[in-house]
$ cat protein18.csv   # CSV, C-alpha atoms and all ligand atoms
chain,number,residue,atom,x,y,z
A,8,MET,CA,0.0,0.0,0.0
A,9,SER,CA,1.6,3.3,-1.0
A,10,LYS,CA,1.2,6.5,0.9
A,11,VAL,CA,-1.6,8.9,0.0
A,12,HIS,CA,-0.2,12.4,-0.1
A,13,LEU,CA,-2.1,15.6,0.4
A,14,SER,CA,-1.5,17.2,-3.0
A,15,PRO,CA,1.2,15.5,-5.0
A,16,PRO,CA,2.2,16.6,-8.5
A,17,ASP,CA,-0.1,15.2,-11.2
A,18,VAL,CA,2.2,14.8,-14.2
A,19,GLY,CA,2.4,12.2,-17.0
A,20,PRO,CA,3.1,11.5,-20.6
A,21,LEU,CA,2.0,15.0,-21.9
A,22,GLU,CA,4.4,16.8,-19.5
A,23,GLU,CA,7.1,14.3,-20.5
A,24,SER,CA,6.6,15.0,-24.2
A,25,TYR,CA,6.6,18.8,-23.7
A,26,ALA,CA,9.8,18.7,-21.5
A,27,LEU,CA,11.5,16.4,-24.0
A,28,ALA,CA,10.6,18.7,-26.9
A,29,ALA,CA,12.0,21.7,-25.0
A,30,ILE,CA,15.3,19.9,-24.3
A,31,ARG,CA,15.6,18.7,-27.9
A,32,SER,CA,15.0,22.3,-29.1
A,33,GLY,CA,18.2,23.3,-27.4
A,34,TRP,CA,16.5,25.9,-25.2
A,35,VAL,CA,17.8,24.6,-22.0
A,36,ALA,CA,18.1,28.1,-20.4
A,37,PRO,CA,16.3,30.6,-18.3
A,38,LEU,CA,14.0,32.1,-21.0
A,39,GLY,CA,13.2,30.7,-24.4
A,40,PRO,CA,10.1,30.2,-26.6
A,41,ASP,CA,8.3,28.0,-24.1
A,42,VAL,CA,8.6,30.8,-21.5
A,43,ASP,CA,7.1,33.3,-24.0
A,44,ALA,CA,4.3,30.9,-24.9
A,45,PHE,CA,3.6,30.0,-21.3
A,46,GLU,CA,3.3,33.7,-20.4
A,47,ALA,CA,1.0,34.4,-23.3
A,48,GLU,CA,-1.2,31.3,-22.5
A,49,LEU,CA,-1.4,32.1,-18.8
A,50,ALA,CA,-2.3,35.8,-19.4
A,51,GLU,CA,-5.0,34.7,-21.7
A,52,ARG,CA,-6.4,32.2,-19.2
A,53,VAL,CA,-6.5,34.7,-16.4
A,54,GLY,CA,-7.5,37.7,-18.5
A,55,THR,CA,-4.6,40.0,-17.8
A,56,ALA,CA,-2.6,41.9,-20.4
A,57,TYR,CA,0.8,40.7,-19.2
A,58,ALA,CA,2.4,37.8,-17.5
A,59,VAL,CA,6.0,37.4,-16.2
A,60,ALA,CA,7.2,33.9,-15.5
A,61,THR,CA,9.4,33.5,-12.4
A,62,SER,CA,11.4,30.9,-10.6
A,63,SER,CA,8.8,30.8,-7.8
A,64,GLY,CA,5.6,32.3,-6.5
A,65,THR,CA,7.7,34.0,-3.7
A,66,ALA,CA,9.9,35.6,-6.3
A,67,ALA,CA,6.8,36.9,-8.2
A,68,LEU,CA,5.5,38.4,-4.9
A,69,HIS,CA,8.8,40.0,-4.1
A,70,LEU,CA,8.9,41.5,-7.6
A,71,ALA,CA,5.3,42.7,-7.5
A,72,LEU,CA,6.0,44.5,-4.1
A,73,LEU,CA,9.2,46.1,-5.4
A,74,ALA,CA,7.4,47.2,-8.5
A,75,VAL,CA,4.8,49.1,-6.5
A,76,GLY,CA,7.6,50.7,-4.5
A,77,ALA,CA,7.5,48.7,-1.2
A,78,GLY,CA,10.5,49.4,0.9
A,79,PRO,CA,11.9,50.4,4.3
A,80,GLY,CA,9.6,52.7,6.4
A,81,GLN,CA,6.5,51.2,4.7
A,82,VAL,CA,3.9,48.5,5.8
A,83,VAL,CA,2.2,45.8,3.8
A,84,VAL,CA,-1.2,44.7,5.1
A,85,MET,CA,-1.9,41.0,4.7
A,86,PRO,CA,-3.9,38.2,6.3
A,87,THR,CA,-2.4,36.4,9.3
A,88,LEU,CA,-3.7,33.1,8.0
A,89,THR,CA,-1.3,32.5,5.1
A,90,PHE,CA,1.9,30.6,4.2
A,91,ALA,CA,5.1,32.2,5.4
A,92,ALA,CA,6.1,33.3,1.8
A,93,THR,CA,3.5,36.1,1.8
A,94,ALA,CA,5.1,37.8,4.8
A,95,ASN,CA,8.7,36.9,3.7
A,96,ALA,CA,8.3,38.7,0.4
A,97,ALA,CA,7.2,41.9,2.2
A,98,ILE,CA,10.1,41.7,4.6
A,99,TYR,CA,12.6,41.1,1.7
A,100,THR,CA,11.7,44.6,0.5
A,101,GLY,CA,12.4,46.2,3.9
A,102,ALA,CA,8.7,46.8,4.5
A,103,GLU,CA,6.9,45.5,7.6
A,104,PRO,CA,3.9,43.2,7.6
A,105,ILE,CA,0.7,44.1,9.4
A,106,PHE,CA,-1.4,41.0,10.0
A,107,VAL,CA,-5.2,41.0,9.8
A,108,ASP,CA,-7.5,38.2,11.1
A,109,CYS,CA,-9.8,36.2,8.8
A,110,ASP,CA,-13.4,35.5,8.0
A,111,PRO,CA,-14.1,32.3,9.8
A,112,THR,CA,-16.2,30.8,7.0
A,113,THR,CA,-13.5,31.1,4.3
A,114,GLY,CA,-10.2,31.8,6.1
A,115,ASN,CA,-9.7,34.8,3.8
A,116,ILE,CA,-8.9,38.3,5.1
A,117,ASP,CA,-11.7,39.9,7.1
A,118,VAL,CA,-12.7,43.0,5.2
A,119,ASP,CA,-14.6,44.3,8.2
A,120,LEU,CA,-11.3,44.7,9.9
A,121,LEU,CA,-9.5,46.1,6.9
A,122,GLU,CA,-11.4,49.3,6.5
A,123,PRO,CA,-10.9,50.7,10.0
A,124,LEU,CA,-7.3,49.6,9.9
A,125,LEU,CA,-6.5,51.5,6.7
A,126,GLU,CA,-8.3,54.6,8.1
A,127,ARG,CA,-6.2,54.3,11.3
A,128,LEU,CA,-3.0,53.9,9.4
A,129,ASP,CA,-3.9,57.0,7.3
A,130,THR,CA,-4.6,59.0,10.4
A,131,GLU,CA,-1.3,58.0,11.9
A,132,GLY,CA,0.5,59.0,8.7
A,133,ARG,CA,1.8,55.5,8.1
A,134,ARG,CA,3.0,54.6,4.6
A,135,VAL,CA,1.1,51.6,3.2
A,136,ALA,CA,2.9,50.1,0.2
A,137,ALA,CA,0.2,47.6,-0.6
A,138,VAL,CA,-2.7,45.5,0.6
A,139,LEU,CA,-1.9,41.8,0.0
A,140,PRO,CA,-4.9,39.5,0.2
A,141,VAL,CA,-4.4,35.7,-0.2
A,142,ASP,CA,-6.9,33.5,-2.0
A,143,MET,CA,-6.7,30.7,0.6
A,144,PHE,CA,-6.7,27.1,-0.5
A,145,GLY,CA,-8.2,28.1,-3.9
A,146,VAL,CA,-11.0,30.4,-2.8
A,147,CYS,CA,-10.9,34.1,-3.9
A,148,ALA,CA,-11.0,36.7,-1.1
A,149,ASP,CA,-14.1,38.9,-1.0
A,150,TYR,CA,-12.9,41.3,-3.7
A,151,ASP,CA,-16.4,42.7,-4.2
A,152,ARG,CA,-15.9,44.4,-0.9
A,153,LEU,CA,-12.1,44.5,-0.6
A,154,LEU,CA,-11.3,46.4,-3.8
A,155,PRO,CA,-13.5,49.5,-3.1
A,156,VAL,CA,-12.1,49.7,0.4
A,157,CYS,CA,-8.5,49.7,-0.9
A,158,ALA,CA,-9.4,52.1,-3.8
A,159,ARG,CA,-11.0,54.6,-1.3
A,160,ALA,CA,-7.8,54.4,0.8
A,161,GLY,CA,-5.7,54.8,-2.3
A,162,HIS,CA,-3.5,51.7,-1.8
A,163,PRO,CA,-2.6,49.2,-4.5
A,164,VAL,CA,-3.7,45.6,-4.1
A,165,ILE,CA,-1.3,42.7,-4.8
A,166,GLU,CA,-3.2,39.4,-5.0
A,167,ASP,CA,-1.5,36.3,-3.7
A,168,ALA,CA,-3.3,33.8,-5.9
A,169,ALA,CA,-0.5,31.2,-5.4
A,170,GLU,CA,-3.0,28.5,-4.7
A,171,SER,CA,-6.0,29.7,-6.7
A,172,LEU,CA,-5.3,29.4,-10.4
A,173,GLY,CA,-8.7,28.5,-12.1
A,174,ALA,CA,-10.8,30.0,-9.2
A,175,THR,CA,-13.2,32.8,-10.0
A,176,ARG,CA,-15.3,35.4,-8.1
A,177,SER,CA,-18.1,37.4,-9.7
A,178,GLY,CA,-17.0,36.3,-13.2
A,179,ARG,CA,-13.3,37.3,-12.7
A,180,ALA,CA,-10.4,35.0,-12.5
A,181,ALA,CA,-8.1,34.6,-9.5
A,182,GLY,CA,-4.8,36.5,-10.3
A,183,SER,CA,-6.6,39.3,-12.1
A,184,PHE,CA,-8.0,41.4,-9.2
A,185,GLY,CA,-5.1,43.6,-8.1
A,186,ARG,CA,-2.6,46.0,-9.6
A,187,ALA,CA,-0.7,42.7,-9.9
A,188,GLY,CA,-1.4,39.1,-8.9
A,189,ILE,CA,0.9,36.1,-8.5
A,190,LEU,CA,0.6,32.3,-9.0
A,191,SER,CA,2.8,29.5,-7.7
A,192,PHE,CA,3.6,26.3,-9.6
A,193,ASN,CA,5.3,24.6,-6.7
A,194,GLY,CA,5.0,20.8,-6.7
A,195,ASN,CA,1.9,20.7,-4.5
A,196,LYS,CA,-0.1,23.4,-6.4
A,197,ILE,CA,-3.1,22.9,-8.6
A,198,MET,CA,-0.7,22.8,-11.5
A,199,THR,CA,3.1,22.6,-11.3
A,200,THR,CA,6.3,23.2,-13.1
A,201,SER,CA,8.1,21.4,-10.3
A,202,GLY,CA,8.9,24.9,-9.0
A,203,GLY,CA,7.9,28.3,-10.6
A,204,GLY,CA,5.6,31.2,-10.5
A,205,MET,CA,4.0,33.9,-12.5
A,206,LEU,CA,3.3,37.6,-12.0
A,207,LEU,CA,0.1,38.9,-13.7
A,208,THR,CA,-0.9,42.5,-14.4
A,209,ASP,CA,-2.6,44.8,-16.8
A,210,ASP,CA,0.1,47.5,-16.1
A,211,ALA,CA,2.7,47.6,-18.8
A,212,GLU,CA,5.1,49.6,-16.8
A,213,LEU,CA,4.9,47.2,-13.8
A,214,ALA,CA,5.4,44.2,-16.0
A,215,ALA,CA,8.5,45.7,-17.6
A,216,ARG,CA,9.9,46.7,-14.2
A,217,ALA,CA,9.4,43.2,-12.9
A,218,ARG,CA,11.0,41.6,-16.0
A,219,TYR,CA,14.0,43.9,-15.6
A,220,LEU,CA,14.5,43.2,-11.9
A,221,ALA,CA,14.0,39.5,-12.5
A,222,THR,CA,16.9,39.4,-15.0
A,223,GLN,CA,19.6,40.9,-12.8
A,224,ALA,CA,18.5,44.5,-13.7
A,225,ARG,CA,20.6,44.4,-16.9
A,226,GLN,CA,20.6,47.6,-19.0
A,227,PRO,CA,20.1,46.9,-22.7
A,228,VAL,CA,23.7,47.1,-23.7
A,229,ALA,CA,26.2,44.3,-24.5
A,230,HIS,CA,28.7,45.0,-21.7
A,231,TYR,CA,26.5,44.3,-18.6
A,232,GLU,CA,25.7,47.7,-17.3
A,233,HIS,CA,23.7,47.9,-14.0
A,234,THR,CA,22.1,50.9,-12.3
A,235,ASP,CA,19.9,48.8,-9.9
A,236,ILE,CA,20.3,45.7,-7.8
A,237,GLY,CA,18.5,42.9,-9.6
A,238,TYR,CA,17.6,39.3,-9.0
A,239,ASN,CA,17.9,36.0,-10.9
A,240,TYR,CA,14.2,35.2,-10.8
A,241,ARG,CA,13.2,34.0,-14.3
A,242,LEU,CA,11.7,30.6,-15.1
A,243,SER,CA,13.7,28.1,-17.1
A,244,ASN,CA,12.4,27.2,-20.6
A,245,VAL,CA,12.2,23.4,-19.8
A,246,LEU,CA,10.0,24.1,-16.7
A,247,ALA,CA,7.8,26.5,-18.7
A,248,ALA,CA,7.3,23.6,-21.2
A,249,ILE,CA,6.0,21.4,-18.3
A,250,GLY,CA,3.7,24.3,-17.3
A,251,ARG,CA,2.3,24.5,-20.8
A,252,ALA,CA,1.4,20.9,-20.7
A,253,GLN,CA,-0.2,21.3,-17.2
A,254,LEU,CA,-2.2,24.3,-18.4
A,255,CYS,CA,-3.7,22.1,-21.2
A,256,ARG,CA,-4.9,19.7,-18.4
A,257,LEU,CA,-5.9,22.4,-15.8
A,258,ASP,CA,-9.7,22.2,-16.2
A,259,GLY,CA,-9.6,18.4,-15.9
A,260,MET,CA,-7.5,18.6,-12.8
A,261,ILE,CA,-9.9,21.1,-11.2
A,262,ARG,CA,-12.8,18.8,-12.1
A,263,ARG,CA,-11.1,15.9,-10.3
A,264,ARG,CA,-10.4,18.0,-7.2
A,265,ARG,CA,-14.0,19.1,-7.2
A,266,GLU,CA,-15.2,15.5,-7.4
A,267,LEU,CA,-13.1,14.7,-4.4
A,268,ARG,CA,-14.5,17.7,-2.5
A,269,ASP,CA,-18.1,16.6,-3.3
A,270,GLN,CA,-17.3,13.1,-2.0
A,271,TYR,CA,-15.9,14.5,1.2
A,272,ALA,CA,-18.9,16.8,1.6
A,273,LYS,CA,-21.2,13.7,1.3
A,274,LEU,CA,-19.1,11.8,3.8
A,275,PHE,CA,-19.3,14.5,6.4
A,276,ALA,CA,-22.8,15.9,5.6
A,277,ALA,CA,-24.5,14.1,8.6
A,278,VAL,CA,-21.6,14.4,11.0
A,279,PRO,CA,-22.3,16.9,13.8
A,280,GLY,CA,-19.8,19.6,14.4
A,281,VAL,CA,-18.0,19.3,11.0
A,282,ARG,CA,-18.2,21.7,8.1
A,283,LEU,CA,-16.1,22.3,5.0
A,284,LEU,CA,-14.1,25.5,4.9
A,285,ALA,CA,-15.6,27.9,2.3
A,286,ASP,CA,-18.3,25.4,1.7
A,287,GLY,CA,-20.4,26.0,-1.4
A,288,ASP,CA,-18.2,28.7,-3.0
A,289,PRO,CA,-19.0,28.1,-6.7
A,290,GLY,CA,-15.8,29.6,-7.9
A,291,ALA,CA,-13.4,27.6,-5.8
A,292,ASN,CA,-10.7,25.6,-7.7
A,293,CYS,CA,-11.0,23.0,-4.8
A,294,TRP,CA,-7.2,22.9,-4.4
A,295,LEU,CA,-7.3,21.6,-0.8
A,296,THR,CA,-10.5,20.4,0.9
A,297,THR,CA,-10.4,21.4,4.5
A,298,ILE,CA,-12.8,20.3,7.3
A,299,VAL,CA,-13.4,22.4,10.3
A,300,VAL,CA,-14.2,20.3,13.4
A,301,GLU,CA,-15.8,21.6,16.6
A,302,PRO,CA,-14.8,18.9,19.1
A,303,ALA,CA,-17.6,19.8,21.6
A,304,ALA,CA,-20.2,18.9,18.9
A,305,SER,CA,-18.3,16.1,17.1
A,306,GLY,CA,-16.9,14.3,20.1
A,307,TRP,CA,-13.5,14.0,18.5
A,308,SER,CA,-10.7,16.4,17.5
A,309,PRO,CA,-9.1,16.9,14.1
A,310,ALA,CA,-5.8,15.7,15.6
A,311,GLU,CA,-7.4,12.3,16.4
A,312,LEU,CA,-8.7,11.9,12.9
A,313,ALA,CA,-5.2,12.9,11.6
A,314,ALA,CA,-3.6,10.3,13.8
A,315,HIS,CA,-6.0,7.6,12.6
A,316,LEU,CA,-5.3,8.4,8.9
A,317,ALA,CA,-1.6,8.7,9.5
A,318,ALA,CA,-1.6,5.1,10.9
A,319,GLN,CA,-3.0,4.1,7.5
A,320,ASP,CA,-0.4,6.0,5.6
A,321,ILE,CA,-2.8,8.8,4.6
A,322,GLU,CA,-1.4,12.4,4.9
A,323,THR,CA,-3.4,15.3,6.3
A,324,ARG,CA,-2.3,18.6,7.6
A,325,PRO,CA,-3.5,21.2,10.1
A,326,VAL,CA,-4.5,24.6,8.7
A,327,TRP,CA,-1.5,27.0,8.8
A,328,LYS,CA,-0.3,28.4,12.1
A,329,PRO,CA,-1.2,32.1,11.8
A,330,MET,CA,1.7,34.5,11.1
A,331,HIS,CA,1.1,36.5,14.3
A,332,LEU,CA,1.8,33.3,16.3
A,333,GLN,CA,5.1,32.6,14.5
A,334,PRO,CA,8.2,33.2,16.6
A,335,VAL,CA,9.9,35.0,13.7
A,336,HIS,CA,7.1,37.6,13.7
A,337,ALA,CA,6.9,38.1,17.5
A,338,GLY,CA,6.1,41.7,18.0
A,339,ALA,CA,4.6,42.4,14.6
A,340,GLU,CA,1.5,44.5,14.4
A,341,ALA,CA,-1.8,42.5,14.1
A,342,VAL,CA,-5.5,43.2,14.2
A,343,LEU,CA,-7.1,40.1,15.7
A,344,THR,CA,-10.5,38.5,16.5
A,345,GLY,CA,-9.3,35.0,17.3
A,346,ALA,CA,-10.8,33.5,14.0
A,347,ALA,CA,-7.5,32.4,12.5
A,348,GLU,CA,-6.4,30.9,15.8
A,349,ARG,CA,-9.7,28.9,15.9
A,350,LEU,CA,-9.2,27.7,12.4
A,351,PHE,CA,-5.6,26.7,13.2
A,352,ALA,CA,-7.0,24.6,16.2
A,353,THR,CA,-10.0,23.1,14.4
A,354,GLY,CA,-9.1,22.8,10.7
A,355,LEU,CA,-7.7,19.8,8.9
A,356,THR,CA,-6.8,19.5,5.2
A,357,LEU,CA,-7.5,16.2,3.5
A,358,PRO,CA,-5.9,14.5,0.5
A,359,SER,CA,-7.0,16.4,-2.5
A,360,GLY,CA,-4.6,15.6,-5.4
A,361,SER,CA,-6.1,15.5,-8.9
A,362,GLY,CA,-3.9,12.4,-9.6
A,363,MET,CA,-5.6,10.4,-6.8
A,364,SER,CA,-6.9,7.1,-8.2
A,365,ASP,CA,-10.4,5.9,-7.5
A,366,HIS,CA,-8.9,3.1,-5.4
A,367,ASP,CA,-7.0,5.6,-3.2
A,368,GLY,CA,-10.0,7.8,-2.9
A,369,GLU,CA,-12.0,4.9,-1.7
A,370,ARG,CA,-9.2,3.9,0.7
A,371,VAL,CA,-9.3,7.4,2.2
A,372,ARG,CA,-13.1,7.5,2.5
A,373,GLN,CA,-13.2,4.0,4.1
A,374,ALA,CA,-10.5,5.1,6.6
A,375,ILE,CA,-12.6,8.2,7.5
A,376,ASP,CA,-15.7,6.0,7.7
A,377,GLY,CA,-14.0,3.6,10.0
A,378,PHE,CA,-12.9,6.4,12.3
A,379,LEU,CA,-16.4,8.0,12.4
A,380,GLY,CA,-17.9,4.5,13.1
A,381,SER,CA,-15.6,4.0,16.0
A,382,ARG,CA,-16.7,7.2,17.8
B,1,LIG,C1,-0.4,31.5,-0.1
B,1,LIG,C2,1.0,31.2,-0.7
B,1,LIG,N1,1.8,32.3,-1.1
B,1,LIG,C3,3.0,32.1,-1.6
B,1,LIG,C4,3.5,30.9,-1.9
B,1,LIG,C5,4.9,30.8,-2.4
B,1,LIG,O1,4.9,30.1,-3.7
B,1,LIG,P1,6.3,29.3,-4.0
B,1,LIG,O2,6.4,28.1,-3.2
B,1,LIG,O3,6.1,29.0,-5.5
B,1,LIG,O4,7.4,30.3,-3.8
B,1,LIG,C6,2.7,29.7,-1.6
B,1,LIG,C7,3.1,28.3,-1.8
B,1,LIG,O5,4.1,27.8,-1.7
B,1,LIG,C8,1.5,29.9,-1.0
B,1,LIG,O6,0.7,28.9,-0.6
$ encode --input "protein18.csv" --output "structure tokens"
Amino acid sequence: MSKVHLSPPDVGPLEESYALAAIRSGWVAPLGPDVDAFEAELAERVGTAYAVATSSGTAALHLALLAVGAGPGQVVVMPTLTFAATANAAIYTGAEPIFVDCDPTTGNIDVDLLEPLLERLDTEGRRVAAVLPVDMFGVCADYDRLLPVCARAGHPVIEDAAESLGATRSGRAAGSFGRAGILSFNGNKIMTTSGGGMLLTDDAELAARARYLATQARQPVAHYEHTDIGYNYRLSNVLAAIGRAQLCRLDGMIRRRRELRDQYAKLFAAVPGVRLLADGDPGANCWLTTIVVEPAASGWSPAELAAHLAAQDIETRPVWKPMHLQPVHAGAEAVLTGAAERLFATGLTLPSGSGMSDHDGERVRQAIDGFLGSR
């Protein structure tokens, strides 16, 4: 019996043929025709004018923040419930993060907290480089409310859509909501290039600045002239080829993840004290299905279910430990309600990989059934 992972890469013959073609073409380099094509195809898919392929989602975030002028003496407002990379990228620029608590139904940034925070920062004369919402686990933040709040305050939005390619809200695609958006193609994401990312924007100047900084800030002369500090952040051509193959399969991979979510929803429908995070969001890409368990009502804790599944070689994971609880961010400013801490204590992500076989899917469901039956 092999291990069932949370969200392993789903790659096969199509990716192999694209990678092989890229290698045989001789373009084994950062940049090349597959990078150009991947950027054009992704921009079309998300509906932005420009896309800049990067070596990771974190690199894309860093570039987006630099391009809107983030730096020392400034703050970047972001959810506390996110992966470390969101905060890291802000800190790379010299800016400081301010963490905001989440909406308990989705885990995304709580817009009710955002508006008074931005007003207070304005009154205090603080310099806000950007607001950086995260589309958690493949569910878009509440942009219908968030964008007007940020527009009124006059701050750019950088969308961390690392996990949400293919998700939508109000007819718009994840990655297209802010001044810039970013995607991740890390191995565990909805589609992968093994490692990689993308910056998306409608702003020609921002895209050009990001491209320039991502290629060591080289001036357009033969002798390597530099007037800025740059980065080596571009995506390799071979990895872009893998991404193009994955993009062809994206809708099928989202369908499979949705199918798994529907099966989990059925399994837990009659279980007291259990709900799905962001249940019923029609635009979710269903990247990771997460249950939220209230032990007082269920009679068991998410840790007990996790241990039961681990004993059968089935991987699960708690929801992220919020950034304001991380030792590295001790002392950082935060606006809190307790919602993120509750999701950290009560949330559990379940195996959601699009490559999961029917047999493994059944194995997971039977293991959960066995656990629920023993309670
Ligand atoms: C919310 C979020 N932001 C940023 C990143 C960073 O992406 P990458 O791993 O490609 O650098 C990730 C994933 O790893 C993520 O989940």
$ residues_near_point --input "protein18.csv" --point "(11.6, 40.7, 6.8)" --cutoff "12 Å" --atoms "all atoms listed in the file" --output "PyMOL selection string"
chain A and resi 69+78-79+81-83+91-105+335-337+339
$ residues_near_ligand --input "protein18.csv" --ligand "ligand LIG 1 (chain B)" --cutoff "8 Å" --atoms "all atoms listed in the file" --output "PDB file with C-alpha atoms, in the frame of the given file"
ATOM      1  CA  SER A  62      11.400  30.900 -10.600  1.00  0.00           C
ATOM      2  CA  SER A  63       8.800  30.800  -7.800  1.00  0.00           C
ATOM      3  CA  GLY A  64       5.600  32.300  -6.500  1.00  0.00           C
ATOM      4  CA  THR A  65       7.700  34.000  -3.700  1.00  0.00           C
ATOM      5  CA  ALA A  66       9.900  35.600  -6.300  1.00  0.00           C
ATOM      6  CA  ALA A  67       6.800  36.900  -8.200  1.00  0.00           C
ATOM      7  CA  LEU A  68       5.500  38.400  -4.900  1.00  0.00           C
ATOM      8  CA  THR A  89      -1.300  32.500   5.100  1.00  0.00           C
ATOM      9  CA  PHE A  90       1.900  30.600   4.200  1.00  0.00           C
ATOM     10  CA  ALA A  91       5.100  32.200   5.400  1.00  0.00           C
ATOM     11  CA  ALA A  92       6.100  33.300   1.800  1.00  0.00           C
ATOM     12  CA  THR A  93       3.500  36.100   1.800  1.00  0.00           C
ATOM     13  CA  VAL A 141      -4.400  35.700  -0.200  1.00  0.00           C
ATOM     14  CA  ASP A 142      -6.900  33.500  -2.000  1.00  0.00           C
ATOM     15  CA  MET A 143      -6.700  30.700   0.600  1.00  0.00           C
ATOM     16  CA  PHE A 144      -6.700  27.100  -0.500  1.00  0.00           C
ATOM     17  CA  ASP A 167      -1.500  36.300  -3.700  1.00  0.00           C
ATOM     18  CA  ALA A 168      -3.300  33.800  -5.900  1.00  0.00           C
ATOM     19  CA  ALA A 169      -0.500  31.200  -5.400  1.00  0.00           C
ATOM     20  CA  GLU A 170      -3.000  28.500  -4.700  1.00  0.00           C
ATOM     21  CA  LEU A 190       0.600  32.300  -9.000  1.00  0.00           C
ATOM     22  CA  SER A 191       2.800  29.500  -7.700  1.00  0.00           C
ATOM     23  CA  PHE A 192       3.600  26.300  -9.600  1.00  0.00           C
ATOM     24  CA  ASN A 193       5.300  24.600  -6.700  1.00  0.00           C
ATOM     25  CA  ASN A 195       1.900  20.700  -4.500  1.00  0.00           C
ATOM     26  CA  LYS A 196      -0.100  23.400  -6.400  1.00  0.00           C
ATOM     27  CA  GLY A 202       8.900  24.900  -9.000  1.00  0.00           C
ATOM     28  CA  GLY A 203       7.900  28.300 -10.600  1.00  0.00           C
ATOM     29  CA  GLY A 204       5.600  31.200 -10.500  1.00  0.00           C
TER      30      GLY A 204
END
$ residues_around --input "protein18.csv" --residues "A:Gly290" --least-positions-apart "6" --cutoff "7 Å" --atoms "all atoms listed in the file" --output "PyMOL selection string"
chain A and resi 174-176
$ atom_distance --input "protein18.csv" --atom1 "atom CA of A:Gln333" --atom2 "atom CA of A:Ala303"
27.0 Å
$ atom_distance --input "protein18.csv" --atom1 "atom CA of A:Ala214" --atom2 "atom CA of A:Leu246"
20.6 Å
$ closest_residue --input "protein18.csv" --among "A:Leu312, A:Leu357, A:Ala276, A:Leu343" --to "A:Asp108" --atoms "only C-alpha atoms"
A:Leu343
$ atom_distance --input "protein18.csv" --atom1 "atom CA of A:His331" --atom2 "atom CA of A:Val118"
17.8 Å
$ closest_residue --input "protein18.csv" --among "A:Leu70, A:Leu38, A:Ala317, A:Ala29" --to "A:Leu206" --atoms "only C-alpha atoms"
A:Leu70
$ closest_residue --input "protein18.csv" --among "A:Ser305, A:Ser171, A:Ser359, A:Thr234" --to "A:Arg268" --atoms "all atoms listed in the file"
A:Ser359
$ residues_around --input "protein18.csv" --residues "A:Asp209" --least-positions-apart "6" --cutoff "6 Å" --atoms "all atoms listed in the file" --output "compact mmCIF listing (two decimals) with C-alpha atoms, in the coordinates of the input"
# COMPACT_ATOMS: atom_id res chain seq x y z
CA THR A 55 -4.60 40.00 -17.80
CA ALA A 56 -2.60 41.90 -20.40
CA TYR A 57 0.80 40.70 -19.20
$ residues_around --input "protein18.csv" --residues "A:Thr356" --least-positions-apart "2" --cutoff "8 Å" --atoms "all atoms listed in the file" --output "list in words"
Leu13, Leu295, Thr296, Thr297, Ile298, Thr323, Arg324, Pro325, Val326, Gly354 and Pro358 of chain A
$ residues_around --input "protein18.csv" --residues "A:Leu124" --least-positions-apart "3" --cutoff "10 Å" --atoms "all atoms listed in the file" --output "list in words"
Val84, Ile105, Val107, Val118, Asp119, Leu120, Leu121, Arg127, Leu128, Asp129, Thr130, Ala341 and Val342 of chain A
$ closest_residue --input "protein18.csv" --among "A:Arg52, A:His315, A:Arg31, A:Arg372" --to "A:Leu172" --atoms "all atoms listed in the file"
A:Arg52
$ residues_near_point --input "protein18.csv" --point "(-7.7, 16.3, -12.0)" --cutoff "7 Å" --atoms "all atoms listed in the file" --output "list of chain:residue names"
A:Gly259, A:Met260, A:Ile261, A:Arg262, A:Arg263, A:Arg264, A:Ser361, A:Gly362
$ closest_residue --input "protein18.csv" --among "A:Arg152, A:Ser9, A:Thr112, A:Ala71" --to "A:Tyr219" --atoms "only C-alpha atoms"
A:Ala71
$ closest_residue --input "protein18.csv" --among "A:Arg241, A:Ala310, A:Leu267, A:Ala318" --to "A:Met363" --atoms "only C-alpha atoms"
A:Leu267
$ residues_around --input "protein18.csv" --residues "A:Pro163" --least-positions-apart "6" --cutoff "8 Å" --atoms "all atoms listed in the file" --output "list in words"
Val75, Ala136, Ala137, Val138, Cys157, Gly185 and Arg186 of chain A
$ write_last_selection --input "protein18.csv" --atoms "C-alpha atoms" --output "PDB file, keeping the file's coordinate frame"
ATOM      1  CA  VAL A  75       4.800  49.100  -6.500  1.00  0.00           C
ATOM      2  CA  ALA A 136       2.900  50.100   0.200  1.00  0.00           C
ATOM      3  CA  ALA A 137       0.200  47.600  -0.600  1.00  0.00           C
ATOM      4  CA  VAL A 138      -2.700  45.500   0.600  1.00  0.00           C
ATOM      5  CA  CYS A 157      -8.500  49.700  -0.900  1.00  0.00           C
ATOM      6  CA  GLY A 185      -5.100  43.600  -8.100  1.00  0.00           C
ATOM      7  CA  ARG A 186      -2.600  46.000  -9.600  1.00  0.00           C
TER       8      ARG A 186
END
